[in-house]
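Asks: Structure in structure tokens, see below.
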Amino acid sequence: MDSTNYTTSDHTEAINSARSSVVSVVNEDTYYSGVIFAKENDVVYILTTTKATKNSSPTVVFDNDISVQSAIVGEDTDSGVALLQVSVAFDVKVFSTLDTLALMPGANVVAMSGKNLHTGSATYSGGMISEPGSWRTISNTRWLSSMIEMDVTTTTSQEGGALIDLNGTLIGMVVPQPVQSNSRMGYALSINELKLIYTSLKNNGTVTRGSFDVMMKDVSGMLAYEKSAYNISIDTRNGVFVQSLLADQSGEDNLMVGDIITAIDGVEVSSMSDLMGILYTHQPNDTVQVTVVRGGQSRMVSVVLE
């Protein structure tokens with residue numbers, strides 16, 4: 001029998017290429033996970049769940065079984081993401097990332113945890129993703145986080161861990177069930193939003209942002225029949241479509257269902273990623289001038305952010 005003739009799948013190579021970039025994050029004997037997001041000299045930055053930073057700075061356990069005490073750089077309660085830093089004297093592998101816009105419904109993904117020191121094993125689960133969406137991570141936040149929904153069962157130990165594609169590229173961070181979610185599905189915060197959170201936490205130790213409190217989607221992701229229903233030209237590719245209002249914003253001076261957001265304060269908005277990047281530079285109660293296409297005509301409305 002050939003001892004090198006192993007049973008593998010399409011997931012195996014992806015897991016093997018990514019496993020050293022996923023860590024365990026231990027707080028009071030409870031295991032969560034984290035992803036190695038950046039490295040500057042000997043300082044490693046790790047994104048994880050705020051569950052792992054409750055009450056104290058957690059211990060980070062790398063895939064090589066070396067344990068290091070962490071320092072908390074910052075926490076974002078609205079998304080449930082925390083940023084840790086540790087100093088190491090060994091090589092670590094930072095995740096490569098994939099733009100969320102490149103993800104298509106039906107793509108295969110793997111959710112990964114770090115090692116459990118009691119068992120020596122890590123937890124992996126796989127499935128496919130749904131259409132992109134936005135959810136509240138907690139009931140009292142106005143912010144709608146950009147999330148990936150997947151038919152993947154996840155465990156507490158995987159929270160804060162990696163969601164990867166079959167190339168082993170990071171596309172999101174596994175999070176607990178958000179508000180109004182499907183209990184049979186798993187969820188991950190999208191990589192595009194993770195990048196914004198990381199930058200804000202690293203620079204400021206906290207995150208501030210303003211919200212429109214509406215459901216939106218990229219025009220580029222709309223199919224022909226969807227565009228036809230709202231008299232949107234089939235050739236329209238840029239902008240963000242307003243799907244529904246989550247609070248009373250009646251009146252022509254506010255956003256309306258069917259609007260296509262094309263700019264904020266004169267800055268072009270081609271996609272949800274552009275829009276989020278702008279909202280992360282604001283805070284609640286800021287007033288922004290939003291350029292929308294409504295009924296085929298461009299107009300500007302003033303919106304007070306939530």
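As shown in the structure tokens, the chain order sets the letters A, B, ...; within each chain, residues go from 1, and ligands are also counted from 1 in the order they appear.
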Would you list the contacts of range 230-236 of chain A as a count of residues only, taking every protein, DNA or RNA residue within 10 Å and counting only C-alpha atoms, but skipping same-chain residues closer than 5 positions in sequence?
Replies: 14
Asks: Could you build a table of the residues in range 183-277 of chain A lying no more than 10 Å from range 150-171 of chain A, giving for each the nearest pair of atoms and their separation in Å rounded to one decimal place, using only C-alpha atoms, ordered by chain and ascending residue number, as JSON lines?
Replies:
```
{"residue": "A:Ser183", "atom": "CA", "partner": "A:Thr153", "partner_atom": "CA", "distance": 9.5}
{"residue": "A:Arg184", "atom": "CA", "partner": "A:Asp151", "partner_atom": "CA", "distance": 7.2}
{"residue": "A:Met185", "atom": "CA", "partner": "A:Asp151", "partner_atom": "CA", "distance": 4.9}
{"residue": "A:Gly186", "atom": "CA", "partner": "A:Val152", "partner_atom": "CA", "distance": 5.1}
{"residue": "A:Tyr187", "atom": "CA", "partner": "A:Met150", "partner_atom": "CA", "distance": 6.2}
{"residue": "A:Ala188", "atom": "CA", "partner": "A:Leu163", "partner_atom": "CA", "distance": 6.9}
{"residue": "A:Leu189", "atom": "CA", "partner": "A:Ile171", "partner_atom": "CA", "distance": 8.5}
{"residue": "A:Ser190", "atom": "CA", "partner": "A:Ile171", "partner_atom": "CA", "distance": 6.3}
{"residue": "A:Ile191", "atom": "CA", "partner": "A:Ile171", "partner_atom": "CA", "distance": 5.0}
{"residue": "A:Asn192", "atom": "CA", "partner": "A:Ile171", "partner_atom": "CA", "distance": 8.3}
{"residue": "A:Leu194", "atom": "CA", "partner": "A:Ile171", "partner_atom": "CA", "distance": 9.4}
```
Asks: Mind checking which residues fall within 12 Å of Asn285 in chain A, counting only C-alpha atoms, ignoring those fewer than 2 positions away in the same chain, and posting them as a list in words?
Replies: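 Here the answer would be Thr208, Arg209, Gly210, Ser211, Phe212, Leu279, His282, Gln283, Thr287, Val288, Ser302, Val303, Val304, Leu305 and Glu306 of chain A.
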Asks: Would you save the residues from that selection as an mmCIF file, in the first residue's frame, using all heavy atoms?
Replies:
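And here is the file that came out, part-v9.cif:
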```cif
data_model
loop_
_atom_site.group_PDB
_atom_site.id
_atom_site.type_symbol
_atom_site.label_atom_id
_atom_site.label_comp_id
_atom_site.auth_asym_id
_atom_site.auth_seq_id
_atom_site.Cartn_x
_atom_site.Cartn_y
_atom_site.Cartn_z
ATOM 1 N N THR A 208 -15.738 54.509 14.419
ATOM 2 C CA THR A 208 -16.941 55.333 14.307
ATOM 3 C C THR A 208 -17.382 55.310 12.856
ATOM 4 O O THR A 208 -16.558 55.277 11.950
ATOM 5 C CB THR A 208 -16.693 56.786 14.749
ATOM 6 O OG1 THR A 208 -15.638 57.356 13.948
ATOM 7 C CG2 THR A 208 -16.308 56.857 16.211
ATOM 8 N N ARG A 209 -18.667 55.340 12.657
ATOM 9 C CA ARG A 209 -19.212 55.313 11.304
ATOM 10 C C ARG A 209 -20.651 55.812 11.343
ATOM 11 O O ARG A 209 -21.316 55.733 12.378
ATOM 12 C CB ARG A 209 -19.179 53.888 10.741
ATOM 13 C CG ARG A 209 -19.763 52.892 11.731
ATOM 14 C CD ARG A 209 -20.036 51.559 11.151
ATOM 15 N NE ARG A 209 -18.986 50.579 11.288
ATOM 16 C CZ ARG A 209 -18.688 49.905 12.395
ATOM 17 N NH1 ARG A 209 -19.312 50.198 13.529
ATOM 18 N NH2 ARG A 209 -17.779 48.979 12.415
ATOM 19 N N GLY A 210 -21.113 56.306 10.238
ATOM 20 C CA GLY A 210 -22.508 56.712 10.126
ATOM 21 C C GLY A 210 -23.263 55.735 9.254
ATOM 22 O O GLY A 210 -22.668 55.056 8.405
ATOM 23 N N SER A 211 -24.571 55.651 9.447
ATOM 24 C CA SER A 211 -25.381 54.677 8.713
ATOM 25 C C SER A 211 -26.548 55.355 8.023
ATOM 26 O O SER A 211 -27.148 56.294 8.556
ATOM 27 C CB SER A 211 -25.909 53.617 9.680
ATOM 28 O OG SER A 211 -26.851 52.782 9.049
ATOM 29 N N PHE A 212 -26.898 54.860 6.833
ATOM 30 C CA PHE A 212 -28.104 55.317 6.146
ATOM 31 C C PHE A 212 -29.349 54.608 6.671
ATOM 32 O O PHE A 212 -30.463 55.032 6.419
ATOM 33 C CB PHE A 212 -28.000 55.059 4.638
ATOM 34 C CG PHE A 212 -27.103 56.032 3.918
ATOM 35 C CD1 PHE A 212 -26.206 55.588 2.957
ATOM 36 C CD2 PHE A 212 -27.168 57.390 4.176
ATOM 37 C CE1 PHE A 212 -25.398 56.469 2.272
ATOM 38 C CE2 PHE A 212 -26.359 58.282 3.506
ATOM 39 C CZ PHE A 212 -25.466 57.829 2.552
ATOM 40 N N LEU A 279 -18.667 56.038 4.561
ATOM 41 C CA LEU A 279 -19.403 56.060 5.823
ATOM 42 C C LEU A 279 -18.472 55.852 7.020
ATOM 43 O O LEU A 279 -18.754 56.347 8.115
ATOM 44 C CB LEU A 279 -20.494 54.993 5.817
ATOM 45 C CG LEU A 279 -21.652 55.212 4.827
ATOM 46 C CD1 LEU A 279 -22.660 54.081 4.925
ATOM 47 C CD2 LEU A 279 -22.336 56.554 5.080
ATOM 48 N N HIS A 282 -17.293 59.019 8.656
ATOM 49 C CA HIS A 282 -18.309 59.864 9.293
ATOM 50 C C HIS A 282 -18.741 59.257 10.620
ATOM 51 O O HIS A 282 -18.269 58.200 11.030
ATOM 52 C CB HIS A 282 -19.518 60.029 8.362
ATOM 53 C CG HIS A 282 -19.267 60.935 7.200
ATOM 54 N ND1 HIS A 282 -19.348 62.302 7.289
ATOM 55 C CD2 HIS A 282 -18.912 60.662 5.917
ATOM 56 C CE1 HIS A 282 -19.074 62.846 6.117
ATOM 57 N NE2 HIS A 282 -18.798 61.866 5.271
ATOM 58 N N GLN A 283 -19.676 59.918 11.265
ATOM 59 C CA GLN A 283 -20.253 59.421 12.507
ATOM 60 C C GLN A 283 -21.726 59.787 12.552
ATOM 61 O O GLN A 283 -22.193 60.610 11.747
ATOM 62 C CB GLN A 283 -19.513 60.008 13.711
ATOM 63 C CG GLN A 283 -19.435 61.498 13.763
ATOM 64 C CD GLN A 283 -18.526 61.965 14.878
ATOM 65 O OE1 GLN A 283 -18.168 61.230 15.788
ATOM 66 N NE2 GLN A 283 -18.134 63.224 14.823
ATOM 67 N N THR A 287 -24.420 65.210 8.509
ATOM 68 C CA THR A 287 -25.266 65.389 7.332
ATOM 69 C C THR A 287 -24.410 65.275 6.087
ATOM 70 O O THR A 287 -23.364 65.922 5.977
ATOM 71 C CB THR A 287 -25.964 66.755 7.345
ATOM 72 O OG1 THR A 287 -26.811 66.848 8.501
ATOM 73 C CG2 THR A 287 -26.828 66.938 6.102
ATOM 74 N N VAL A 288 -24.824 64.412 5.158
ATOM 75 C CA VAL A 288 -24.087 64.238 3.912
ATOM 76 C C VAL A 288 -24.997 64.556 2.732
ATOM 77 O O VAL A 288 -26.220 64.395 2.804
ATOM 78 C CB VAL A 288 -23.535 62.806 3.786
ATOM 79 C CG1 VAL A 288 -22.471 62.545 4.843
ATOM 80 C CG2 VAL A 288 -24.642 61.770 3.894
ATOM 81 N N SER A 302 -30.173 65.641 1.035
ATOM 82 C CA SER A 302 -29.411 65.738 2.276
ATOM 83 C C SER A 302 -29.875 64.653 3.231
ATOM 84 O O SER A 302 -31.077 64.524 3.498
ATOM 85 C CB SER A 302 -29.604 67.113 2.925
ATOM 86 O OG SER A 302 -29.058 68.138 2.113
ATOM 87 N N VAL A 303 -28.938 63.869 3.752
ATOM 88 C CA VAL A 303 -29.284 62.751 4.623
ATOM 89 C C VAL A 303 -28.509 62.888 5.931
ATOM 90 O O VAL A 303 -27.283 63.102 5.925
ATOM 91 C CB VAL A 303 -28.941 61.399 3.968
ATOM 92 C CG1 VAL A 303 -29.278 60.259 4.917
ATOM 93 C CG2 VAL A 303 -29.692 61.242 2.656
ATOM 94 N N VAL A 304 -29.229 62.808 7.051
ATOM 95 C CA VAL A 304 -28.601 62.799 8.369
ATOM 96 C C VAL A 304 -28.310 61.352 8.729
ATOM 97 O O VAL A 304 -29.216 60.511 8.766
ATOM 98 C CB VAL A 304 -29.509 63.439 9.438
ATOM 99 C CG1 VAL A 304 -28.828 63.374 10.798
ATOM 100 C CG2 VAL A 304 -29.826 64.876 9.071
ATOM 101 N N LEU A 305 -27.062 61.051 8.971
ATOM 102 C CA LEU A 305 -26.655 59.677 9.245
ATOM 103 C C LEU A 305 -27.093 59.215 10.629
ATOM 104 O O LEU A 305 -27.131 60.005 11.575
ATOM 105 C CB LEU A 305 -25.128 59.535 9.121
ATOM 106 C CG LEU A 305 -24.556 59.856 7.741
ATOM 107 C CD1 LEU A 305 -23.037 59.757 7.787
ATOM 108 C CD2 LEU A 305 -25.120 58.930 6.676
ATOM 109 N N GLU A 306 -27.420 57.947 10.730
ATOM 110 C CA GLU A 306 -27.821 57.337 11.991
ATOM 111 C C GLU A 306 -26.574 56.967 12.804
ATOM 112 O O GLU A 306 -25.514 56.736 12.244
ATOM 113 C CB GLU A 306 -28.662 56.086 11.727
ATOM 114 C CG GLU A 306 -29.967 56.369 11.035
ATOM 115 C CD GLU A 306 -30.969 57.098 11.905
ATOM 116 O OE1 GLU A 306 -30.832 57.007 13.147
ATOM 117 O OE2 GLU A 306 -31.863 57.755 11.363
#
```
Asks: Within 8 Å of Lys115 in chain A, counting only C-alpha atoms, which residues show up once you throw out same-chain ones fewer than 3 positions away? Write them as a ChimeraX atom specification, please.
Replies: /A:23-24,61,63,119-123
Asks: Take the selection from the previous step and output its residues with N, CA, C and O atoms, as a compact mmCIF listing (two decimals), in the first residue's frame.
Replies:
```
# COMPACT_ATOMS: atom_id res chain seq x y z
N VAL A 23 -5.16 31.31 14.07
CA VAL A 23 -4.66 31.07 15.42
C VAL A 23 -5.82 30.75 16.36
O VAL A 23 -6.99 31.01 16.05
N SER A 24 -5.48 30.18 17.50
CA SER A 24 -6.44 30.03 18.59
C SER A 24 -6.31 31.23 19.51
O SER A 24 -5.21 31.75 19.73
N VAL A 61 -2.50 31.34 20.45
CA VAL A 61 -1.76 30.10 20.21
C VAL A 61 -1.65 29.90 18.70
O VAL A 61 -2.66 29.75 18.00
N ASP A 63 -0.31 28.07 15.06
CA ASP A 63 -0.43 26.70 14.56
C ASP A 63 0.80 25.86 14.89
O ASP A 63 0.73 24.63 14.91
N THR A 119 -7.34 19.01 22.50
CA THR A 119 -7.51 17.89 21.57
C THR A 119 -6.44 17.86 20.49
O THR A 119 -6.26 16.84 19.84
N GLY A 120 -5.77 19.00 20.27
CA GLY A 120 -4.76 19.09 19.21
C GLY A 120 -5.33 19.25 17.83
O GLY A 120 -4.60 19.26 16.84
N SER A 121 -6.65 19.40 17.74
CA SER A 121 -7.29 19.46 16.42
C SER A 121 -7.89 20.84 16.17
O SER A 121 -8.17 21.61 17.09
N ALA A 122 -8.05 21.15 14.89
CA ALA A 122 -8.77 22.35 14.46
C ALA A 122 -10.07 21.91 13.79
O ALA A 122 -10.19 20.78 13.32
N THR A 123 -11.05 22.81 13.76
CA THR A 123 -12.37 22.48 13.19
C THR A 123 -12.53 23.15 11.84
O THR A 123 -12.34 24.37 11.71
```
Asks: Hey, which of A:Lys217, A:Leu255, A:Met112, A:Ile72 ends up closest to Arg237 in chain A? Count only C-alpha atoms.
Replies: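 The answer is A:Lys217, which sits nearest to Arg237 in chain A.
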Asks: Tell me which protein, DNA and RNA residues are within 8 Å of range 128-130 of chain A, counting only C-alpha atoms, leaving out same-chain ones fewer than 3 positions away, and put them as a PyMOL selection string.
Replies: chain A and resi 104-109+148-152
Asks: What would the file look like if the residues just selected were written as a PDB file, in the first residue's frame with N, CA, C and O atoms?
Replies:
```pdb
ATOM      1  N   MET A 104     -19.068  35.196  -5.936  1.00  0.00           N
ATOM      2  CA  MET A 104     -20.316  34.920  -6.624  1.00  0.00           C
ATOM      3  C   MET A 104     -21.140  33.916  -5.830  1.00  0.00           C
ATOM      4  O   MET A 104     -20.585  32.980  -5.236  1.00  0.00           O
ATOM      5  N   PRO A 105     -22.466  34.086  -5.793  1.00  0.00           N
ATOM      6  CA  PRO A 105     -23.310  33.108  -5.101  1.00  0.00           C
ATOM      7  C   PRO A 105     -23.036  31.697  -5.619  1.00  0.00           C
ATOM      8  O   PRO A 105     -22.875  31.470  -6.811  1.00  0.00           O
ATOM      9  N   GLY A 106     -22.941  30.758  -4.683  1.00  0.00           N
ATOM     10  CA  GLY A 106     -22.668  29.374  -5.048  1.00  0.00           C
ATOM     11  C   GLY A 106     -21.218  28.984  -4.949  1.00  0.00           C
ATOM     12  O   GLY A 106     -20.885  27.794  -5.080  1.00  0.00           O
ATOM     13  N   ALA A 107     -20.329  29.962  -4.687  1.00  0.00           N
ATOM     14  CA  ALA A 107     -18.913  29.640  -4.554  1.00  0.00           C
ATOM     15  C   ALA A 107     -18.682  28.783  -3.318  1.00  0.00           C
ATOM     16  O   ALA A 107     -19.333  28.963  -2.290  1.00  0.00           O
ATOM     17  N   ASN A 108     -17.744  27.859  -3.411  1.00  0.00           N
ATOM     18  CA  ASN A 108     -17.424  26.989  -2.285  1.00  0.00           C
ATOM     19  C   ASN A 108     -16.467  27.675  -1.321  1.00  0.00           C
ATOM     20  O   ASN A 108     -15.518  28.348  -1.746  1.00  0.00           O
ATOM     21  N   VAL A 109     -16.713  27.499  -0.023  1.00  0.00           N
ATOM     22  CA  VAL A 109     -15.901  28.133   1.016  1.00  0.00           C
ATOM     23  C   VAL A 109     -15.642  27.151   2.146  1.00  0.00           C
ATOM     24  O   VAL A 109     -16.324  26.128   2.275  1.00  0.00           O
ATOM     25  N   ILE A 148     -21.273  37.651   4.699  1.00  0.00           N
ATOM     26  CA  ILE A 148     -21.402  36.514   3.799  1.00  0.00           C
ATOM     27  C   ILE A 148     -22.207  35.450   4.525  1.00  0.00           C
ATOM     28  O   ILE A 148     -21.877  35.054   5.647  1.00  0.00           O
ATOM     29  N   GLU A 149     -23.301  35.021   3.886  1.00  0.00           N
ATOM     30  CA  GLU A 149     -24.134  33.951   4.440  1.00  0.00           C
ATOM     31  C   GLU A 149     -23.773  32.652   3.735  1.00  0.00           C
ATOM     32  O   GLU A 149     -23.555  32.632   2.527  1.00  0.00           O
ATOM     33  N   MET A 150     -23.705  31.562   4.480  1.00  0.00           N
ATOM     34  CA  MET A 150     -23.253  30.301   3.885  1.00  0.00           C
ATOM     35  C   MET A 150     -23.965  29.122   4.540  1.00  0.00           C
ATOM     36  O   MET A 150     -24.379  29.201   5.696  1.00  0.00           O
ATOM     37  N   ASP A 151     -24.106  28.032   3.788  1.00  0.00           N
ATOM     38  CA  ASP A 151     -24.734  26.836   4.357  1.00  0.00           C
ATOM     39  C   ASP A 151     -23.663  26.000   5.045  1.00  0.00           C
ATOM     40  O   ASP A 151     -23.422  24.844   4.724  1.00  0.00           O
ATOM     41  N   VAL A 152     -23.031  26.629   6.043  1.00  0.00           N
ATOM     42  CA  VAL A 152     -21.923  26.029   6.772  1.00  0.00           C
ATOM     43  C   VAL A 152     -22.252  26.072   8.262  1.00  0.00           C
ATOM     44  O   VAL A 152     -22.571  27.130   8.801  1.00  0.00           O
TER      45      VAL A 152
END
```
Asks: Leaving out Lys202 in chain A and any residue of its chain fewer than 4 positions from it, which residues lie within 12 Å of it when counting only C-alpha atoms, given as JSON, numbers by chain?
Replies: {"A": [37, 38, 44, 45, 46, 47, 72, 73, 74, 75, 76, 82, 83, 84, 85, 194, 195, 196, 197, 198, 206, 207]}
Asks: Would you export the selected residues with N, CA and C atoms as an mmCIF file, in the first residue's frame, please?
Replies:
```cif
data_model
loop_
_atom_site.group_PDB
_atom_site.id
_atom_site.type_symbol
_atom_site.label_atom_id
_atom_site.label_comp_id
_atom_site.auth_asym_id
_atom_site.auth_seq_id
_atom_site.Cartn_x
_atom_site.Cartn_y
_atom_site.Cartn_z
ATOM 1 N N PHE A 37 -3.687 39.093 10.196
ATOM 2 C CA PHE A 37 -4.122 40.066 9.198
ATOM 3 C C PHE A 37 -2.982 40.939 8.684
ATOM 4 N N ALA A 38 -1.989 41.197 9.524
ATOM 5 C CA ALA A 38 -0.887 42.069 9.109
ATOM 6 C C ALA A 38 0.324 41.806 9.995
ATOM 7 N N VAL A 44 2.763 41.287 15.144
ATOM 8 C CA VAL A 44 1.731 40.638 14.348
ATOM 9 C C VAL A 44 0.361 41.147 14.799
ATOM 10 N N TYR A 45 -0.492 41.501 13.830
ATOM 11 C CA TYR A 45 -1.838 41.988 14.126
ATOM 12 C C TYR A 45 -2.852 40.902 13.777
ATOM 13 N N ILE A 46 -3.724 40.631 14.738
ATOM 14 C CA ILE A 46 -4.681 39.532 14.620
ATOM 15 C C ILE A 46 -6.092 40.061 14.847
ATOM 16 N N LEU A 47 -6.987 39.725 13.930
ATOM 17 C CA LEU A 47 -8.399 40.056 14.104
ATOM 18 C C LEU A 47 -9.116 38.854 14.696
ATOM 19 N N ILE A 72 -4.605 44.112 23.594
ATOM 20 C CA ILE A 72 -5.783 44.538 22.840
ATOM 21 C C ILE A 72 -5.533 45.926 22.261
ATOM 22 N N VAL A 73 -5.565 46.024 20.932
ATOM 23 C CA VAL A 73 -5.388 47.313 20.262
ATOM 24 C C VAL A 73 -6.696 48.096 20.265
ATOM 25 N N GLY A 74 -7.791 47.410 20.029
ATOM 26 C CA GLY A 74 -9.091 48.072 20.000
ATOM 27 C C GLY A 74 -10.205 47.080 19.768
ATOM 28 N N GLU A 75 -11.444 47.537 20.026
ATOM 29 C CA GLU A 75 -12.630 46.700 19.867
ATOM 30 C C GLU A 75 -13.742 47.500 19.200
ATOM 31 N N ASP A 76 -14.531 46.814 18.381
ATOM 32 C CA ASP A 76 -15.678 47.425 17.718
ATOM 33 C C ASP A 76 -16.919 46.628 18.087
ATOM 34 N N ALA A 82 -12.448 42.474 17.262
ATOM 35 C CA ALA A 82 -11.374 43.022 18.090
ATOM 36 C C ALA A 82 -10.049 42.857 17.359
ATOM 37 N N LEU A 83 -9.124 43.779 17.630
ATOM 38 C CA LEU A 83 -7.784 43.711 17.053
ATOM 39 C C LEU A 83 -6.769 43.490 18.165
ATOM 40 N N LEU A 84 -5.969 42.446 18.012
ATOM 41 C CA LEU A 84 -4.905 42.130 18.956
ATOM 42 C C LEU A 84 -3.545 42.351 18.309
ATOM 43 N N GLN A 85 -2.535 42.559 19.149
ATOM 44 C CA GLN A 85 -1.173 42.543 18.642
ATOM 45 C C GLN A 85 -0.305 41.684 19.552
ATOM 46 N N LEU A 194 -13.870 44.128 6.855
ATOM 47 C CA LEU A 194 -12.795 43.829 7.803
ATOM 48 C C LEU A 194 -11.608 44.763 7.613
ATOM 49 N N LYS A 195 -11.290 45.068 6.366
ATOM 50 C CA LYS A 195 -10.165 45.971 6.085
ATOM 51 C C LYS A 195 -10.419 47.352 6.670
ATOM 52 N N LEU A 196 -11.648 47.840 6.542
ATOM 53 C CA LEU A 196 -11.995 49.153 7.096
ATOM 54 C C LEU A 196 -11.920 49.136 8.622
ATOM 55 N N ILE A 197 -12.426 48.062 9.221
ATOM 56 C CA ILE A 197 -12.397 47.939 10.683
ATOM 57 C C ILE A 197 -10.959 47.863 11.183
ATOM 58 N N TYR A 198 -10.146 47.066 10.509
ATOM 59 C CA TYR A 198 -8.738 46.930 10.913
ATOM 60 C C TYR A 198 -8.035 48.284 10.898
ATOM 61 N N THR A 206 -10.634 52.421 18.071
ATOM 62 C CA THR A 206 -12.090 52.304 18.066
ATOM 63 C C THR A 206 -12.587 52.533 16.644
ATOM 64 N N VAL A 207 -13.889 52.361 16.441
ATOM 65 C CA VAL A 207 -14.482 52.556 15.118
ATOM 66 C C VAL A 207 -15.687 53.477 15.250
#
```
Asks: Please compute the CA of Ile66 in chain A-CA of Tyr124 in chain A distance, one decimal, in Å.
Replies: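 CA of Tyr124 in chain A lies 20.9 Å from CA of Ile66 in chain A.
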Asks: Please identify which residues in range 146-295 of chain A DSSP calls helix (DSSP H, G or I) from the backbone, and express them as an NGL selection string.
Replies: :A and (156-158 or 191-204 or 219-221 or 224-229 or 272-279)
Asks: Please, which residues of range 216-268 of chain A, numbered as in this document, come out strand (DSSP E) from DSSP, as a PyMOL selection string?
Replies: chain A and resi 216-218+240-245+260-264+267-268
Asks: Can I get the selection written as a compact mmCIF listing (two decimals), in the first residue's frame, with N, CA and C atoms?
Replies:
```
# COMPACT_ATOMS: atom_id res chain seq x y z
N MET A 216 -29.23 47.95 0.91
CA MET A 216 -28.69 48.34 -0.40
C MET A 216 -28.01 47.16 -1.06
N LYS A 217 -27.78 47.28 -2.36
CA LYS A 217 -27.03 46.27 -3.09
C LYS A 217 -26.32 46.94 -4.26
N ASP A 218 -25.25 46.31 -4.72
CA ASP A 218 -24.51 46.83 -5.87
C ASP A 218 -25.35 46.70 -7.13
N VAL A 240 -25.06 52.21 -6.16
CA VAL A 240 -25.62 51.35 -5.12
C VAL A 240 -27.13 51.55 -5.09
N PHE A 241 -27.86 50.47 -5.22
CA PHE A 241 -29.31 50.49 -5.32
C PHE A 241 -29.94 50.41 -3.94
N VAL A 242 -30.92 51.28 -3.65
CA VAL A 242 -31.63 51.27 -2.37
C VAL A 242 -32.79 50.29 -2.48
N GLN A 243 -32.70 49.17 -1.71
CA GLN A 243 -33.71 48.12 -1.76
C GLN A 243 -34.90 48.40 -0.86
N SER A 244 -34.63 48.84 0.37
CA SER A 244 -35.71 49.09 1.33
C SER A 244 -35.23 50.04 2.40
N LEU A 245 -36.19 50.71 3.05
CA LEU A 245 -35.90 51.65 4.13
C LEU A 245 -36.19 50.96 5.45
N ILE A 260 -30.61 55.11 -6.94
CA ILE A 260 -29.26 54.61 -7.17
C ILE A 260 -28.29 55.67 -6.67
N ILE A 261 -27.56 55.35 -5.61
CA ILE A 261 -26.59 56.28 -5.04
C ILE A 261 -25.34 56.28 -5.92
N THR A 262 -24.97 57.46 -6.41
CA THR A 262 -23.82 57.56 -7.31
C THR A 262 -22.68 58.40 -6.74
N ALA A 263 -22.97 59.19 -5.68
CA ALA A 263 -21.91 59.99 -5.06
C ALA A 263 -22.36 60.44 -3.68
N ILE A 264 -21.38 60.67 -2.80
CA ILE A 264 -21.63 61.24 -1.48
C ILE A 264 -20.66 62.39 -1.28
N VAL A 267 -18.05 62.71 -3.87
CA VAL A 267 -17.13 61.59 -4.10
C VAL A 267 -17.91 60.45 -4.76
N GLU A 268 -17.41 60.00 -5.90
CA GLU A 268 -18.10 58.98 -6.67
C GLU A 268 -18.26 57.68 -5.88
```
Asks: So what do you get for CA of Val25 in chain A versus CA of Trp143 in chain A, distance-wise?
Replies: 26.1 Å
Asks: Which residue out of A:Asp91, A:Lys39, A:Pro176, A:Ser20 has the minimum interatomic distance to Phe62 in chain A when only C-alpha atoms are used?
Replies: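 Closest to Phe62 in chain A, using only C-alpha atoms: A:Ser20.
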